[in-house]
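Peer 1: Have a look at the structure that comes next, please.
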Amino acid sequence: MTEQLDLEQNQKTTLTIKEVIAYLAEKFPLCFSTEGEAKPLKIGLFQELADALAEEGKVSKTLLRQALRNYTANWRYLHSCKEGAIRVGLNGEECGVVDATQAEHAAKSLEQAKAAYAERKAQQLKEQKEKRKAFFKQKAKEENAQKRAEMKKRNEPTKASIESLAALENKFSKNRN
């Protein structure tokens, strides 16, 4: 019995947030979607959702909360939260509308998310440029060092061995006598 509980707990924690969202979209297609237009969710949907999924035990409450947070912070979801938009329950039933305050909050959140994304993208580009610059700088250093070594080799006189110097000395000393 305890092994089965351990196995169930392990299965609950092995799912990723994306997998949980895909599971929710499959189980409640009139409420959740993974593509296209997202619908504003009913306020307080978490408890209803936790109760509906409790029997299965596939998703822990913690993971479910994280998945909902991720889903509602998504740009598609925030974009759909316009004033007057209809909120939906688990089975797609109408459960209220998005008011002006909620729409304003969603718009600000979307703006902040896009700004943070643009900032991260700019930082990544800057880091890529710096890495590229450092790479080419190092490559140029190595090439210059290699060129200097080659030039140094060409400019150095060849060193003669003692035997070859002795042979030359004998050759020229005989001709003088």
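Identifiers for the structure tokens are assigned positionally: chains receive A, B, ... in sequence, residues are indexed from 1 per chain, and ligands are indexed from 1 in the order shown.
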Show which residues sit within 9 Å of segment 100-116 of chain A, as a ChimeraX atom specification. Count only C-alpha atoms, and ignore same-chain residues fewer than 4 positions away.

Peer 2: /A:73-75,77-85,120-121

Peer 1: Please list as a ChimeraX atom specification every residue within 8 Å of Leu90 of chain A, counting only C-alpha atoms and excluding residues in the same chain fewer than 6 positions away.

Peer 2: /A:28,30-31,45,49

Peer 1: Could you check which of A:Asn170, A:Thr62, A:Gln146, A:Asn91 is closest to Phe32 of chain A, using only C-alpha atoms?

Peer 2: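 Closest residue, counting only C-alpha atoms: A:Asn91.
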
Peer 1: Counting only C-alpha atoms, figure out which residue out of A:Thr14, A:Ser173, A:Ser164, A:Thr72 gets nearest to Pro40 of chain A.

Peer 2: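 The closest residue to Pro40 of chain A is A:Thr72.
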
Peer 1: Near segment 16-21 of chain A, within 8 Å and counting only C-alpha atoms, which residues show up once chain neighbours fewer than 6 positions away are dropped, as a list in words?

Peer 2: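 The residues that qualify are Phe32, Thr34, Val59, Leu63, Leu64, Gln66, Ala67, Leu68, Asn70 and Tyr71 of chain A.
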
Peer 1: Once DSSP has gone over the backbone, tell me which residues of chain A are in alpha helix (DSSP H), as a PyMOL selection string.

Peer 2: chain A and resi 2-14+17-27+45-54+61-73+75-80+100-155+162-176

Peer 1: What is the distance between atom CA of Asp99 of chain A and atom CA of Arg65 of chain A, in Å to one decimal?

Peer 2: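 Atom CA of Arg65 of chain A lies at a distance of 23.3 Å from atom CA of Asp99 of chain A.
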
Peer 1: Segment 22-171 of chain A: which residues are strand (DSSP E or B) by DSSP, as JSON, numbers by chain?

Peer 2: {"A": [41, 86, 87, 88, 94, 95, 96, 97]}

Peer 1: Store the residues picked out above, limited to N, CA and C atoms, as a PDB file, in the first residue's frame.

Peer 2:
ATOM      1  N   LEU A  41     -10.340  32.798 -17.405  1.00  0.00           N
ATOM      2  CA  LEU A  41     -10.870  31.765 -16.523  1.00  0.00           C
ATOM      3  C   LEU A  41     -11.701  32.358 -15.391  1.00  0.00           C
ATOM      4  N   ILE A  86     -15.813  37.415 -21.581  1.00  0.00           N
ATOM      5  CA  ILE A  86     -16.534  36.460 -20.746  1.00  0.00           C
ATOM      6  C   ILE A  86     -15.560  35.441 -20.140  1.00  0.00           C
ATOM      7  N   ARG A  87     -15.680  35.257 -18.836  1.00  0.00           N
ATOM      8  CA  ARG A  87     -14.876  34.255 -18.130  1.00  0.00           C
ATOM      9  C   ARG A  87     -15.595  32.914 -18.232  1.00  0.00           C
ATOM     10  N   VAL A  88     -14.798  31.830 -18.268  1.00  0.00           N
ATOM     11  CA  VAL A  88     -15.393  30.499 -18.401  1.00  0.00           C
ATOM     12  C   VAL A  88     -15.002  29.598 -17.231  1.00  0.00           C
ATOM     13  N   GLU A  94     -20.376  30.177 -18.897  1.00  0.00           N
ATOM     14  CA  GLU A  94     -20.055  31.578 -18.599  1.00  0.00           C
ATOM     15  C   GLU A  94     -20.078  31.786 -17.089  1.00  0.00           C
ATOM     16  N   CYS A  95     -19.046  32.437 -16.597  1.00  0.00           N
ATOM     17  CA  CYS A  95     -18.922  32.650 -15.145  1.00  0.00           C
ATOM     18  C   CYS A  95     -18.459  34.068 -14.843  1.00  0.00           C
ATOM     19  N   GLY A  96     -19.094  35.041 -15.433  1.00  0.00           N
ATOM     20  CA  GLY A  96     -18.739  36.422 -15.168  1.00  0.00           C
ATOM     21  C   GLY A  96     -17.989  37.048 -16.333  1.00  0.00           C
ATOM     22  N   VAL A  97     -17.609  38.316 -16.142  1.00  0.00           N
ATOM     23  CA  VAL A  97     -16.877  39.051 -17.177  1.00  0.00           C
ATOM     24  C   VAL A  97     -15.655  39.718 -16.571  1.00  0.00           C
TER      25      VAL A  97
END
